Every structure is written in C-alpha cells, then in structure tokens.
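Text of the file model-v1.txt, holding compact mmCIF, C-alpha atoms:
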```
# COMPACT_ATOMS: atom_id res chain seq x y z
CA MET B 1 0.00 0.00 0.00
CA LYS B 2 1.04 3.55 -0.66
CA ILE B 3 0.64 6.94 0.87
CA GLU B 4 1.66 10.24 -0.72
CA ARG B 5 5.27 9.83 -1.48
CA ALA B 6 8.05 12.14 -2.29
CA ALA B 7 11.27 13.85 -1.79
CA MET B 8 14.74 13.33 -0.50
CA ALA B 9 15.85 13.31 3.10
CA GLU B 10 17.36 16.34 4.68
CA GLY B 11 20.50 16.18 6.76
CA GLU B 12 22.38 13.31 8.32
CA PRO B 13 21.85 11.78 11.73
CA GLY B 14 23.54 13.67 14.51
CA SER B 15 25.53 10.65 15.70
CA ARG B 16 26.06 7.01 14.95
CA TRP B 17 22.86 6.25 16.88
CA GLY B 18 20.99 9.06 15.18
CA ALA B 19 17.39 9.30 16.34
CA LEU B 20 17.81 6.38 18.76
CA LYS B 21 19.82 8.59 21.12
CA ASN B 22 16.45 10.08 22.17
CA PRO B 23 14.87 7.95 24.97
CA ASP B 24 11.27 8.68 23.98
CA PHE B 25 11.95 7.78 20.39
CA ARG B 26 13.50 4.47 21.51
CA LEU B 27 10.27 3.57 23.32
CA PHE B 28 8.15 4.60 20.33
CA TRP B 29 10.49 2.67 18.01
CA ALA B 30 10.12 -0.49 20.11
CA ALA B 31 6.34 -0.06 20.30
CA ARG B 32 6.02 0.14 16.52
CA ALA B 33 8.22 -2.93 16.03
CA ILE B 34 6.12 -5.03 18.41
CA SER B 35 2.74 -3.98 17.02
CA VAL B 36 3.92 -4.52 13.42
CA ALA B 37 4.92 -8.09 14.30
CA GLY B 38 1.37 -8.71 15.50
CA ASP B 39 -0.10 -6.94 12.48
CA ARG B 40 1.77 -9.19 10.06
CA ILE B 41 0.45 -12.26 11.85
CA SER B 42 -3.15 -11.03 11.53
CA LEU B 43 -2.56 -10.01 7.92
CA LEU B 44 -2.23 -13.71 7.14
CA ALA B 45 -4.41 -15.13 9.92
CA LEU B 46 -7.57 -13.05 9.43
CA PRO B 47 -8.22 -13.97 5.77
CA THR B 48 -7.09 -17.53 6.56
CA VAL B 49 -9.88 -17.76 9.14
CA ALA B 50 -12.36 -16.60 6.50
CA ILE B 51 -11.05 -18.88 3.75
CA LEU B 52 -10.25 -22.12 5.58
CA ILE B 53 -12.62 -22.05 8.58
CA LEU B 54 -15.64 -20.02 7.42
CA ARG B 55 -15.29 -21.07 3.74
CA ALA B 56 -15.61 -17.53 2.42
CA SER B 57 -16.12 -16.87 -1.30
CA PRO B 58 -13.88 -14.50 -3.33
CA VAL B 59 -16.44 -11.71 -2.91
CA GLN B 60 -16.60 -12.26 0.86
CA VAL B 61 -12.80 -12.18 1.12
CA GLY B 62 -12.82 -8.96 -0.88
CA VAL B 63 -15.44 -7.46 1.43
CA LEU B 64 -13.37 -8.50 4.47
CA ASN B 65 -10.28 -6.79 3.07
CA ALA B 66 -12.35 -3.73 2.20
CA ALA B 67 -13.80 -3.56 5.73
CA GLY B 68 -10.32 -3.06 7.15
CA THR B 69 -9.61 -0.07 4.91
CA LEU B 70 -13.02 1.59 4.55
CA ALA B 71 -12.31 3.81 7.55
CA TRP B 72 -9.71 5.80 5.61
CA PRO B 73 -12.10 7.49 3.18
CA ALA B 74 -14.85 7.57 5.82
CA LEU B 75 -12.91 9.03 8.75
CA ALA B 76 -9.50 10.29 7.75
CA LEU B 77 -10.38 13.88 6.89
CA PHE B 78 -11.92 14.62 10.27
CA ALA B 79 -9.52 12.31 12.12
CA GLY B 80 -6.72 14.53 10.84
CA VAL B 81 -8.36 17.55 12.46
CA TRP B 82 -8.60 15.79 15.82
CA VAL B 83 -4.99 14.64 15.54
CA ASP B 84 -4.01 18.30 15.16
CA ARG B 85 -6.21 19.32 18.11
CA LEU B 86 -5.43 16.67 20.71
CA ARG B 87 -2.31 15.34 22.36
CA ARG B 88 -1.04 12.75 19.92
CA ARG B 89 0.43 10.53 22.62
CA ARG B 90 -3.01 10.01 24.14
CA ILE B 91 -4.45 9.11 20.75
CA LEU B 92 -1.69 6.54 20.19
CA VAL B 93 -2.21 4.83 23.56
CA ALA B 94 -6.02 4.80 23.37
CA THR B 95 -6.16 3.36 19.86
CA ASP B 96 -3.61 0.65 20.71
CA LEU B 97 -5.65 -0.52 23.71
CA VAL B 98 -8.95 -0.52 21.81
CA ARG B 99 -7.41 -2.55 18.97
CA ALA B 100 -6.09 -5.08 21.49
CA ALA B 101 -9.60 -5.60 22.89
CA LEU B 102 -11.22 -5.88 19.45
CA LEU B 103 -8.77 -8.48 18.14
CA GLY B 104 -8.93 -10.43 21.39
CA SER B 105 -12.65 -10.98 20.79
CA ILE B 106 -11.94 -13.24 17.77
CA PRO B 107 -10.20 -16.15 19.56
CA LEU B 108 -12.70 -15.78 22.40
CA ALA B 109 -15.68 -16.14 20.05
CA PHE B 110 -14.01 -19.07 18.29
CA ALA B 111 -13.40 -20.86 21.60
CA LEU B 112 -17.07 -20.41 22.48
CA GLY B 113 -18.21 -21.66 19.07
CA HIS B 114 -19.78 -18.37 17.97
CA LEU B 115 -17.28 -16.99 15.47
CA SER B 116 -18.90 -15.68 12.28
CA LEU B 117 -17.96 -13.78 9.16
CA LEU B 118 -20.02 -10.85 10.47
CA GLN B 119 -17.80 -10.60 13.54
CA LEU B 120 -14.68 -10.66 11.37
CA LEU B 121 -16.12 -7.83 9.29
CA LEU B 122 -17.02 -5.76 12.35
CA VAL B 123 -13.64 -6.26 14.00
CA ALA B 124 -11.78 -5.49 10.77
CA GLY B 125 -13.82 -2.30 10.30
CA LEU B 126 -13.41 -1.05 13.87
CA VAL B 127 -9.70 -1.89 13.98
CA GLY B 128 -9.37 -0.01 10.68
CA GLY B 129 -11.00 3.04 12.28
CA MET B 130 -8.57 2.97 15.20
CA THR B 131 -5.68 2.55 12.74
CA VAL B 132 -6.69 5.75 10.94
CA PHE B 133 -6.25 7.76 14.13
CA PHE B 134 -3.09 5.91 15.14
CA ASP B 135 -1.28 6.25 11.80
CA LEU B 136 -2.06 9.94 11.40
CA ALA B 137 -1.02 10.63 14.98
CA ALA B 138 2.17 8.55 14.66
CA THR B 139 3.40 10.37 11.55
CA ALA B 140 2.67 13.74 13.13
CA HIS B 141 4.16 12.68 16.49
CA VAL B 142 7.66 11.68 15.31
CA PRO B 143 8.88 15.28 14.78
CA SER B 144 8.11 15.99 18.44
CA LEU B 145 10.30 13.09 19.57
CA VAL B 146 13.53 14.02 17.76
CA PRO B 147 15.17 17.23 16.47
CA ARG B 148 14.64 18.21 12.84
CA SER B 149 18.11 17.00 11.83
CA ASP B 150 17.08 13.48 12.88
CA TRP B 151 13.66 13.33 11.17
CA ALA B 152 14.87 11.44 8.12
CA ASP B 153 16.90 9.08 10.27
CA ALA B 154 13.94 8.48 12.58
CA ASN B 155 11.68 7.60 9.66
CA ALA B 156 14.28 5.27 8.18
CA LYS B 157 14.90 3.55 11.53
CA LEU B 158 11.17 3.05 12.05
CA GLU B 159 10.87 1.52 8.58
CA VAL B 160 13.95 -0.67 9.07
CA VAL B 161 12.85 -2.11 12.42
CA GLN B 162 9.29 -2.65 11.22
CA GLN B 163 10.48 -4.50 8.15
CA ALA B 164 13.06 -6.46 10.17
CA VAL B 165 10.39 -7.67 12.56
CA ALA B 166 7.99 -8.31 9.68
CA THR B 167 10.59 -10.55 8.04
CA GLY B 168 10.03 -13.30 10.58
CA ALA B 169 6.38 -12.58 11.37
CA PRO B 170 4.75 -14.25 8.33
CA GLY B 171 6.70 -17.47 8.89
CA LEU B 172 5.72 -17.33 12.56
CA ALA B 173 2.14 -16.67 11.50
CA GLY B 174 2.08 -19.78 9.32
CA LEU B 175 3.51 -21.84 12.17
CA LEU B 176 1.02 -20.43 14.71
CA ILE B 177 -1.88 -21.03 12.33
CA THR B 178 -0.76 -24.64 11.89
CA LEU B 179 -0.17 -25.30 15.59
CA LEU B 180 -2.89 -23.20 17.24
CA SER B 181 -5.39 -22.52 14.40
CA ALA B 182 -5.81 -19.14 12.72
CA PRO B 183 -8.19 -17.58 15.30
CA PHE B 184 -5.81 -18.24 18.20
CA ALA B 185 -2.89 -16.88 16.17
CA ILE B 186 -4.69 -13.52 16.21
CA THR B 187 -4.21 -13.47 20.01
CA VAL B 188 -0.57 -12.55 19.39
CA ASP B 189 -1.65 -9.41 17.50
CA ALA B 190 -3.95 -8.41 20.36
CA LEU B 191 -1.10 -8.78 22.85
CA SER B 192 1.24 -6.78 20.60
CA PHE B 193 -1.11 -3.78 20.67
CA LEU B 194 -1.35 -4.03 24.46
CA VAL B 195 2.46 -3.97 24.81
CA SER B 196 2.74 -1.14 22.27
CA GLY B 197 0.27 0.97 24.23
CA LEU B 198 2.17 0.41 27.47
CA LEU B 199 5.49 1.41 25.89
CA ILE B 200 4.04 4.62 24.45
CA THR B 201 2.52 5.36 27.87
CA ALA B 202 6.06 5.38 29.26
CA THR B 203 7.15 8.23 26.96
CA ASP B 204 7.21 11.88 28.02
CA SER B 205 3.67 13.10 28.66
CA SER B 206 4.58 16.80 28.68
CA GLN B 207 4.63 17.25 24.91
CA PRO B 208 2.10 19.97 24.08
CA SER B 209 -1.00 19.59 21.99
CA SER B 210 -1.25 21.48 18.74
CA THR B 211 -2.23 25.10 18.33
CA VAL B 212 -5.43 24.40 16.36
CA SER B 213 -8.34 26.01 18.15
CA PRO B 214 -11.15 23.61 19.11
CA ARG B 215 -13.58 26.49 18.67
CA ARG B 216 -13.24 26.33 14.89
CA SER B 217 -15.52 23.93 13.02
CA LEU B 218 -14.26 20.56 11.86
CA LEU B 219 -15.15 21.43 8.27
CA ARG B 220 -13.17 24.67 8.35
CA ASP B 221 -10.08 22.96 9.74
CA ALA B 222 -10.37 20.10 7.26
CA GLU B 223 -10.72 22.59 4.40
CA GLU B 224 -7.39 24.15 5.36
CA GLY B 225 -5.65 20.80 4.87
CA ILE B 226 -7.38 20.24 1.52
CA ARG B 227 -6.31 23.66 0.21
CA PHE B 228 -2.69 23.03 1.16
CA LEU B 229 -2.57 19.73 -0.71
CA VAL B 230 -4.38 20.95 -3.81
CA ARG B 231 -1.94 23.84 -4.27
CA ASP B 232 1.04 21.46 -4.47
CA ARG B 233 1.08 19.89 -7.95
CA ALA B 234 3.65 17.26 -7.04
CA LEU B 235 1.61 16.08 -4.06
CA VAL B 236 -1.55 15.95 -6.17
CA ARG B 237 0.07 13.79 -8.85
CA ILE B 238 1.68 11.54 -6.28
CA THR B 239 -1.65 11.11 -4.49
CA ILE B 240 -3.41 10.12 -7.70
CA GLY B 241 -0.64 7.67 -8.56
CA ALA B 242 -0.84 6.17 -5.07
CA ALA B 243 -4.60 5.74 -5.42
CA ILE B 244 -4.24 3.87 -8.73
CA SER B 245 -1.50 1.70 -7.28
CA ASN B 246 -3.58 0.90 -4.21
CA VAL B 247 -6.54 -0.20 -6.33
CA GLY B 248 -4.36 -2.71 -8.19
CA ILE B 249 -2.46 -3.93 -5.13
CA MET B 250 -5.62 -4.46 -3.09
CA MET B 251 -7.17 -6.35 -6.00
CA ALA B 252 -4.14 -8.64 -5.88
CA LEU B 253 -4.22 -8.99 -2.10
CA ALA B 254 -7.90 -9.97 -2.19
CA LEU B 255 -7.08 -12.78 -4.63
CA GLN B 256 -3.60 -14.06 -3.87
CA LEU B 257 -4.40 -16.20 -0.81
CA LEU B 258 -7.39 -17.73 -2.58
CA PHE B 259 -5.12 -18.55 -5.52
CA LEU B 260 -2.31 -19.92 -3.34
CA TYR B 261 -4.52 -21.99 -1.00
CA ARG B 262 -7.21 -23.29 -3.36
CA VAL B 263 -5.48 -23.41 -6.76
CA MET B 264 -1.82 -23.98 -5.90
CA ARG B 265 -2.63 -26.02 -2.76
CA LEU B 266 0.09 -24.37 -0.68
CA SER B 267 -0.01 -24.67 3.11
CA PRO B 268 -0.14 -21.67 5.48
CA VAL B 269 3.43 -22.47 6.61
CA VAL B 270 4.82 -22.33 3.07
CA VAL B 271 2.89 -19.14 2.31
CA GLY B 272 4.11 -17.60 5.56
CA VAL B 273 7.74 -18.38 4.78
CA CYS B 274 7.38 -16.82 1.31
CA PHE B 275 5.86 -13.69 2.85
CA ALA B 276 8.77 -13.58 5.30
CA VAL B 277 11.25 -13.50 2.40
CA GLY B 278 9.26 -10.64 0.88
CA SER B 279 9.50 -8.78 4.17
CA LEU B 280 13.27 -9.30 4.16
CA ALA B 281 13.37 -7.53 0.79
CA SER B 282 11.38 -4.68 2.36
CA LEU B 283 14.03 -4.45 5.06
CA VAL B 284 16.77 -4.20 2.43
CA GLY B 285 14.76 -1.47 0.71
CA ALA B 286 14.57 0.48 3.97
CA VAL B 287 18.32 0.17 4.54
CA TYR B 288 19.29 1.29 1.04
CA ASN B 289 16.54 3.85 0.48
CA ARG B 290 18.74 6.92 0.81
CA ARG B 291 21.44 5.50 -1.45
CA ILE B 292 18.88 4.75 -4.14
CA MET B 293 17.42 8.25 -3.99
CA ASN B 294 20.85 9.85 -4.03
CA ARG B 295 21.76 7.82 -7.10
CA LEU B 296 18.52 8.14 -9.10
CA GLY B 297 16.99 11.34 -7.79
CA ILE B 298 13.47 11.63 -6.41
CA TYR B 299 11.58 11.65 -9.71
CA ARG B 300 13.09 8.51 -11.22
CA THR B 301 12.90 6.72 -7.88
CA LEU B 302 9.17 7.40 -7.66
CA VAL B 303 8.37 6.29 -11.22
CA LEU B 304 10.50 3.16 -11.01
CA SER B 305 9.35 2.08 -7.57
CA THR B 306 5.61 2.41 -8.18
CA PHE B 307 5.83 0.58 -11.52
CA ILE B 308 7.89 -2.37 -10.26
CA GLU B 309 5.97 -2.67 -6.99
CA GLY B 310 2.72 -3.13 -8.89
CA ILE B 311 3.73 -5.12 -11.95
CA ALA B 312 5.60 -7.66 -9.80
CA TYR B 313 2.29 -9.32 -8.90
CA ILE B 314 2.02 -10.61 -12.47
CA LEU B 315 4.54 -13.31 -11.52
CA ILE B 316 2.11 -15.06 -9.16
CA PRO B 317 -0.46 -16.28 -11.73
CA ALA B 318 2.40 -17.56 -13.88
CA GLY B 319 2.49 -20.33 -11.28
CA THR B 320 -0.21 -22.11 -13.27
CA VAL B 321 2.44 -23.07 -15.87
CA LEU B 322 5.74 -22.69 -13.97
CA PRO B 323 6.89 -23.59 -10.42
CA VAL B 324 4.81 -21.30 -8.23
CA ILE B 325 7.08 -20.91 -5.18
CA PRO B 326 10.02 -19.21 -7.00
CA LEU B 327 7.54 -16.95 -8.78
CA LEU B 328 5.76 -16.06 -5.55
CA LEU B 329 9.10 -15.28 -3.92
CA GLY B 330 10.10 -13.09 -6.86
CA ALA B 331 6.82 -11.15 -6.73
CA LEU B 332 7.03 -10.57 -2.97
CA VAL B 333 10.72 -9.59 -3.06
CA LEU B 334 10.28 -7.03 -5.84
CA SER B 335 7.06 -5.59 -4.44
CA GLY B 336 8.39 -5.41 -0.88
CA PHE B 337 11.68 -3.76 -1.82
CA PHE B 338 10.17 -1.02 -3.95
CA ASN B 339 7.21 -0.37 -1.66
CA THR B 340 9.62 0.46 1.16
CA THR B 341 11.77 2.62 -1.10
CA TRP B 342 8.66 4.70 -1.81
CA ASN B 343 7.29 4.85 1.75
CA VAL B 344 10.42 6.08 3.56
CA SER B 345 10.78 8.91 1.06
CA VAL B 346 7.25 10.25 1.32
CA THR B 347 7.16 10.33 5.11
CA THR B 348 10.26 12.48 5.33
CA PHE B 349 9.03 14.72 2.52
CA ARG B 350 5.73 15.42 4.23
CA GLN B 351 7.37 16.15 7.56
CA THR B 352 9.84 18.62 6.07
CA ARG B 353 7.34 20.30 3.74
CA ILE B 354 4.25 20.68 5.93
CA ALA B 355 4.01 22.85 9.03
CA PRO B 356 3.53 20.79 12.22
CA ARG B 357 0.15 22.38 12.94
CA LEU B 358 -1.14 21.15 9.55
CA MET B 359 0.51 17.74 9.55
CA GLY B 360 -2.52 15.72 10.57
CA ARG B 361 -4.95 17.46 8.22
CA VAL B 362 -2.77 17.50 5.11
CA GLY B 363 -1.76 13.90 5.67
CA ALA B 364 -5.39 12.93 6.12
CA THR B 365 -6.42 14.71 2.92
CA GLY B 366 -3.93 12.74 0.86
CA ARG B 367 -4.85 9.50 2.55
CA VAL B 368 -8.57 9.99 1.98
CA ILE B 369 -7.75 9.76 -1.72
CA GLY B 370 -4.88 7.27 -1.62
CA TYR B 371 -6.34 5.00 1.04
CA GLY B 372 -9.88 5.57 -0.19
CA ALA B 373 -8.82 3.40 -3.12
CA LEU B 374 -8.12 0.44 -0.81
CA PRO B 375 -11.69 -0.80 -0.28
CA VAL B 376 -12.43 -0.12 -3.95
CA GLY B 377 -9.55 -2.38 -4.96
CA SER B 378 -10.54 -5.10 -2.50
CA LEU B 379 -14.13 -5.18 -3.74
CA LEU B 380 -13.10 -5.06 -7.40
CA GLY B 381 -10.66 -7.91 -6.85
CA GLY B 382 -13.26 -10.08 -5.17
CA LEU B 383 -15.92 -9.35 -7.77
CA LEU B 384 -13.56 -9.86 -10.70
CA GLY B 385 -12.16 -13.08 -9.23
CA GLN B 386 -15.61 -14.54 -8.63
CA ALA B 387 -16.95 -13.50 -12.04
CA LEU B 388 -13.98 -14.91 -13.95
CA SER B 389 -13.94 -18.07 -11.83
CA ALA B 390 -17.61 -18.69 -12.60
CA ARG B 391 -16.99 -18.26 -16.33
CA LEU B 392 -13.53 -19.83 -16.78
CA GLY B 393 -13.08 -22.03 -13.72
CA GLU B 394 -11.35 -21.16 -10.46
CA ARG B 395 -7.81 -21.86 -11.70
CA THR B 396 -7.96 -19.74 -14.86
CA GLY B 397 -10.32 -17.14 -13.42
CA LEU B 398 -8.21 -16.28 -10.38
CA ALA B 399 -5.01 -16.30 -12.44
CA LEU B 400 -6.46 -13.89 -15.01
CA ALA B 401 -7.83 -11.62 -12.30
CA LEU B 402 -4.35 -11.41 -10.74
CA VAL B 403 -2.89 -10.39 -14.11
CA VAL B 404 -5.44 -7.56 -14.38
CA ALA B 405 -4.60 -6.44 -10.83
CA ALA B 406 -0.87 -6.28 -11.61
CA LEU B 407 -1.45 -4.23 -14.77
CA VAL B 408 -3.63 -1.74 -12.87
CA ALA B 409 -1.04 -1.36 -10.09
CA GLY B 410 1.85 -0.92 -12.54
CA SER B 411 -0.04 1.73 -14.51
CA SER B 412 0.22 4.06 -11.49
CA ALA B 413 3.58 5.22 -12.88
CA LEU B 414 1.70 7.00 -15.67
CA ALA B 415 0.20 9.45 -13.16
CA ILE B 416 3.60 10.88 -12.25
CA LEU B 417 5.28 10.92 -15.67
CA GLY B 418 6.62 14.39 -16.45
CA ARG B 419 9.22 15.60 -13.98
CA ARG B 420 8.74 19.36 -14.11
CA SER B 421 6.82 19.76 -10.84
CA PHE B 422 9.34 17.51 -9.06
CA ASP B 423 12.40 19.64 -9.85
```
Go through the file and emit its structure as structure tokens.
Amino acid sequence: MKIERAAMAEGEPGSRWGALKNPDFRLFWAARAISVAGDRISLLALPTVAILILRASPVQVGVLNAAGTLAWPALALFAGVWVDRLRRRRILVATDLVRAALLGSIPLAFALGHLSLLQLLLVAGLVGGMTVFFDLAATAHVPSLVPRSDWADANAKLEVVQQAVATGAPGLAGLLITLLSAPFAITVDALSFLVSGLLITATDSSQPSSTVSPRRSLLRDAEEGIRFLVRDRALVRITIGAAISNVGIMMALALQLLFLYRVMRLSPVVVGVCFAVGSLASLVGAVYNRRIMNRLGIYRTLVLSTFIEGIAYILIPAGTVLPVIPLLLGALVLSGFFNTTWNVSVTTFRQTRIAPRLMGRVGATGRVIGYGALPVGSLLGGLLGQALSARLGERTGLALALVVAALVAGSSALAILGRRSFD
C-alpha cells in the first residue's frame, strides 16, 4: 500500500545512533516494532480464518479486506483535524488498547463456538478506524520526539525495524496457524497492541498539543488541509498515482491467498515463509533507500518504484504453468523492496514540507484519496475473481484476475510521468 510519497531526506543523523539517542523515540520505536509483528500475523491469519474455517467466497474475502480499509475514506479527513487538536500521545495509547480488545474478541468467540464472518467484518472495520487515528497521529508525532536533523533518520529507523520484525512474522504466522489454528494466532496481535500501548505510555507526557483552536468547526479545519494539498502539484500527482497503485495492489491482495490456497494447494506455513522472504526484501529497501534516492533522484525513484511494486504481482499467476514458489518469492521480493523505497521517502518529505500544525490534516487529505482506493480495490478484486472463476473455472479465473490487478497497479507510474513539478 502507498501513501503520498516524495522527496529526499534532509540532513544526516547527529551521531552514529541518530534518532535512537532520544529515549522517547526508543520507546516509540520499540512499540512500533512489536505492534507490526502482531499486524503481520493477523494479515495472514484473518483472511485464513475466513477462507479455511468459514469457507468464504472471493467476494466475501474482498469485502473483508475492504472492511479493514473503509475507515480511511470515511474518517480520515476529520480524524486529521482531531490529531491536530489533541495530544497525539493520548491518541496513540487509546487506539492501541482498543485494537487489542477488538482483536482479542476473535479467539474468544471461536473458543465459544460463535465466530462468524459478520464478527470478522465488524472487527476489521473497527480496527481499521482505530488505525486511521493511530497512523495519522504517529506520523505527526515523530517530529516531536527528535530534532529536525534526525527526522529522516527516525523515519528510516522506524521503517527498518518494522520490516526487520515483519521478516520473521509471516513465517511465525504460518507456524502459529498450523499449531494453534488461525483464530488463536490472532491473540498474538492483540497482545502486541497491548504492549505497544504500554510502551508509548512510558514516553514523556509533557509534549504539548497542537495550536489548532477547538472552537473552529471541523469542516473549516479540514478545508485548510485540503487547500494546502491541492496547491502542491507534485503532491496531487503523487496522491493520484498512489490511489491507482492501491486499487491494483488491493485487487491482488484480495485474490492471492485464494489462488495460493485453493489453486496452488500451498499450506499456510509455506505461504508464511514466502511472505517472510518478501519482508526481508522490504528491510533491504529500507536500509538502502537513501542510497537509491541519491543515485537516481526523487523523480526517477518514484516512477520506477511504483511501476515495479505493482507489476511484480504478475509473476504469481504464472504459477499455473511454472513452479509457483520461486515466482511467488520473486513477486514478494520485488514488491516489498520497492514499496519500502517509496514509503520512507514520502514520510520524510511530508514532515519537512508541511508545518507541524497542519501535519494531521494535510496527511489525512492525501490518505482519503490514496487510502480511499483500498476498499475499492478489494471489492473489485473479489468481484472480478468470482466473475472470472464462474466463467472460466477457479484456476484460470483467479489467475487472469491477478494479471489484471498487476497491470492496474503498474499503470500508477503513468500518473507521475513528467518531472517538471518535481524539480
């Protein structure tokens, strides 16, 4: 998935430790690593519950994926205003604890024999809503944890540790699903949010809230963020490109587990190990991000990364005629590496370009568009997969739908062709 992405990092870390020399940032850094580990387990476990236990159809899997992302277009614009009004640390802790409780309800319901697809949809939707507030607050909160000279280093270190942890998480997820069953594997994600919330609670509570006046209307504050984004041509083009990419990628994500489980007959352990290798490539992308941007420049990095990240998914359906595991590994490695190259760059760009008092609102405006494409892609993927499967058979139908998804995602590069506004 993409957010608005852009320019090159400013400055070098102030010491060998860089941003990690700040105690509060170390706690935040650890919290993000732990919660991401849990997230990656649920990323595999939640649809596995739907597919293997509740026997969900392609459309139902698409709806489940869409439920987790629908909150972005529904809430993000006004969530950004509240992130700029309230103390971001409190938002981070509260949303972590609520997500822990919501995810913990899934293994509990399964143990009692009452788990249903409706509950999965509700939990996915509510967790998605909490994630909107958390992600906007987290991006806006980092500049208050470290000095400006360490912003780029802080973003890179967050991306590196998250990808490092995520490298082992999918393999662990496959093992937990096999040993405990998918619903009980989700318990680990619930515990990760609980630990993350406790770590963030231990950070300095004296950081001030923003200067946005609560007396102003939500609409007026949101409008200020919209105007800022619309006036920046580079941000507009990047946001459109991210939206196109997200449609294609979410189409692929809605279909790939169905294809791998039901057509290729792979086990959750094998799929988890393949995902872990893809996460390792994401880690490498985080480590080498600055070198790539220094070598290619921001414009060529953006075009190349969004194209390769999306088109890589075309390798997966080729598994119908060639060995699927090497192709799956290739798709996940390429997509993971170039997704991270994109994401580190945009976070630093937004933090250095947008005033702190506007950070939540401008970020929310871009994500309403970019992330608003996520549920659209999930639903399109599910509908296309089911329609083609009914007409051509599940094997050919899902493979063809994955090809379409890859072509849509790769076409996002067209939105940012023409480098003038990036100079």
Determine, for each residue of region 295-386 of chain B having at least one atom at most 10 Å from an atom of region 223-228 of chain B, the closest pair of atoms and their separation in Å to one decimal, counting only C-alpha atoms; order by chain and ascending number, as JSON lines.
```
{"residue": "B:Ile354", "atom": "CA", "partner": "B:Phe228", "partner_atom": "CA", "distance": 8.7}
{"residue": "B:Leu358", "atom": "CA", "partner": "B:Gly225", "partner_atom": "CA", "distance": 6.5}
{"residue": "B:Met359", "atom": "CA", "partner": "B:Gly225", "partner_atom": "CA", "distance": 8.3}
{"residue": "B:Gly360", "atom": "CA", "partner": "B:Gly225", "partner_atom": "CA", "distance": 8.3}
{"residue": "B:Arg361", "atom": "CA", "partner": "B:Gly225", "partner_atom": "CA", "distance": 4.8}
{"residue": "B:Val362", "atom": "CA", "partner": "B:Gly225", "partner_atom": "CA", "distance": 4.4}
{"residue": "B:Gly363", "atom": "CA", "partner": "B:Gly225", "partner_atom": "CA", "distance": 8.0}
{"residue": "B:Ala364", "atom": "CA", "partner": "B:Gly225", "partner_atom": "CA", "distance": 8.0}
{"residue": "B:Thr365", "atom": "CA", "partner": "B:Ile226", "partner_atom": "CA", "distance": 5.8}
{"residue": "B:Gly366", "atom": "CA", "partner": "B:Ile226", "partner_atom": "CA", "distance": 8.3}
```
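For the choices B:Glu394, B:Glu309, B:Phe337, B:Ala100, the atom-to-atom distance to Leu407 (chain B) is smallest for B:Glu309 when using all atoms listed in the file.
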task: Please indicate the distance in Å from CA of Ala373 (chain B) to CA of Met293 (chain B), rounded to one decimal place.
output: 26.7 Å
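Distance-wise, CA of Val61 (chain B) and CA of Ile314 (chain B) end up 20.2 Å apart.
A straight line drawn from CA of Met264 (chain B) to CA of Ala318 (chain B) is 11.1 Å long.
Counting all atoms listed in the file, the residue from B:Asn22, B:Ile298, B:Phe184, B:Ile41 that sits nearest to Pro107 (chain B) is B:Phe184.
Remark: for Val63 (chain B), the closest of the candidate residues B:Ile200, B:Leu380, B:Leu392, B:Ala276 is B:Leu380 (distances computed over all atoms listed in the file).
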message: So that I can see what lies close to Ala173 (chain B), please list as a list in words the residues with an atom at most 7 Å from it, counting all atoms listed in the file and leaving out residues fewer than 6 positions away in the same chain.
response: Ile41, Leu44, Ala45, Ala185 and Gly272 of chain B
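With distances taken over all atoms listed in the file, B:Ala74 is the one residue among B:Val263, B:Trp17, B:Ala74, B:Met251 lying closest to Gly372 (chain B).
Using only C-alpha atoms, the nearest neighbour of Val408 (chain B) within the list B:Val247, B:Ile308, B:Ala101, B:Val36 is B:Val247.
For the choices B:Val270, B:Leu118, B:Leu258, B:Met130, the atom-to-atom distance to Ser57 (chain B) is smallest for B:Leu258 when using all atoms listed in the file.
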message: Please list, as a PyMOL selection string, the residues that have an atom at most 12 Å away from (-13.6, -14.5, 22.6) in the coordinates of this file, counting all atoms listed in the file.
response: chain B and resi 101-116+119-120+123+183-184+186-187+190
- prompt: At a cut-off of 10 Å from (3.5, 15.4, -12.9) in the coordinates of the file, what residues are picked up using only C-alpha atoms, written as a ChimeraX atom specification?
  reply: /B:233-238,241,299,414-422
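Close contacts of Gly38 (chain B), defined as residues with an atom at most 7 Å away when counting all atoms listed in the file, with chain neighbours fewer than 5 positions off set aside, comprise B:Val188, B:Asp189, B:Ser192.
Residue neighbourhood of Leu400 (chain B), excluding near-sequence residues (fewer than 5 positions): Met251, Ala252, Leu255, Gln256, Phe259, Tyr313, Ile314, Leu315, Ile316, Pro317, Ala318, Gly319, Thr320, Gly381, Leu384, Gly385, Gln386, Ala387, Leu388, Ser389, Arg391, Leu392, Gly393, Glu394, Arg395, Ala405, Ala406 and Leu407 of chain B, at 12 Å, using only C-alpha atoms.
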Can you spit out region 55-67 of chain B with N, CA and C atoms, as a JSON list (two decimals), in the first residue's frame, from the structure just given?
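The resulting file, decode.json, is reproduced below:
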```json
[["chain", "number", "residue", "atom", "x", "y", "z"],
["B", 55, "ARG", "N", -15.04, -20.74, 5.15],
["B", 55, "ARG", "CA", -15.29, -21.07, 3.74],
["B", 55, "ARG", "C", -15.81, -19.89, 2.94],
["B", 56, "ALA", "N", -15.17, -18.76, 3.09],
["B", 56, "ALA", "CA", -15.61, -17.53, 2.42],
["B", 56, "ALA", "C", -15.38, -17.62, 0.91],
["B", 57, "SER", "N", -16.25, -16.96, 0.15],
["B", 57, "SER", "CA", -16.12, -16.87, -1.30],
["B", 57, "SER", "C", -15.17, -15.73, -1.66],
["B", 58, "PRO", "N", -14.73, -15.63, -2.94],
["B", 58, "PRO", "CA", -13.88, -14.50, -3.33],
["B", 58, "PRO", "C", -14.48, -13.14, -3.00],
["B", 59, "VAL", "N", -15.79, -12.99, -3.22],
["B", 59, "VAL", "CA", -16.44, -11.71, -2.91],
["B", 59, "VAL", "C", -16.38, -11.44, -1.41],
["B", 60, "GLN", "N", -16.63, -12.45, -0.60],
["B", 60, "GLN", "CA", -16.60, -12.26, 0.86],
["B", 60, "GLN", "C", -15.20, -11.91, 1.35],
["B", 61, "VAL", "N", -14.17, -12.53, 0.76],
["B", 61, "VAL", "CA", -12.80, -12.18, 1.12],
["B", 61, "VAL", "C", -12.51, -10.73, 0.72],
["B", 62, "GLY", "N", -12.99, -10.34, -0.46],
["B", 62, "GLY", "CA", -12.82, -8.96, -0.88],
["B", 62, "GLY", "C", -13.51, -7.98, 0.05],
["B", 63, "VAL", "N", -14.71, -8.33, 0.49],
["B", 63, "VAL", "CA", -15.44, -7.46, 1.43],
["B", 63, "VAL", "C", -14.69, -7.38, 2.76],
["B", 64, "LEU", "N", -14.13, -8.51, 3.22],
["B", 64, "LEU", "CA", -13.37, -8.50, 4.47],
["B", 64, "LEU", "C", -12.15, -7.58, 4.36],
["B", 65, "ASN", "N", -11.42, -7.68, 3.27],
["B", 65, "ASN", "CA", -10.28, -6.79, 3.07],
["B", 65, "ASN", "C", -10.71, -5.33, 2.99],
["B", 66, "ALA", "N", -11.85, -5.11, 2.33],
["B", 66, "ALA", "CA", -12.35, -3.73, 2.20],
["B", 66, "ALA", "C", -12.77, -3.17, 3.56],
["B", 67, "ALA", "N", -13.34, -4.02, 4.41],
["B", 67, "ALA", "CA", -13.80, -3.56, 5.73],
["B", 67, "ALA", "C", -12.66, -2.98, 6.54]]
```
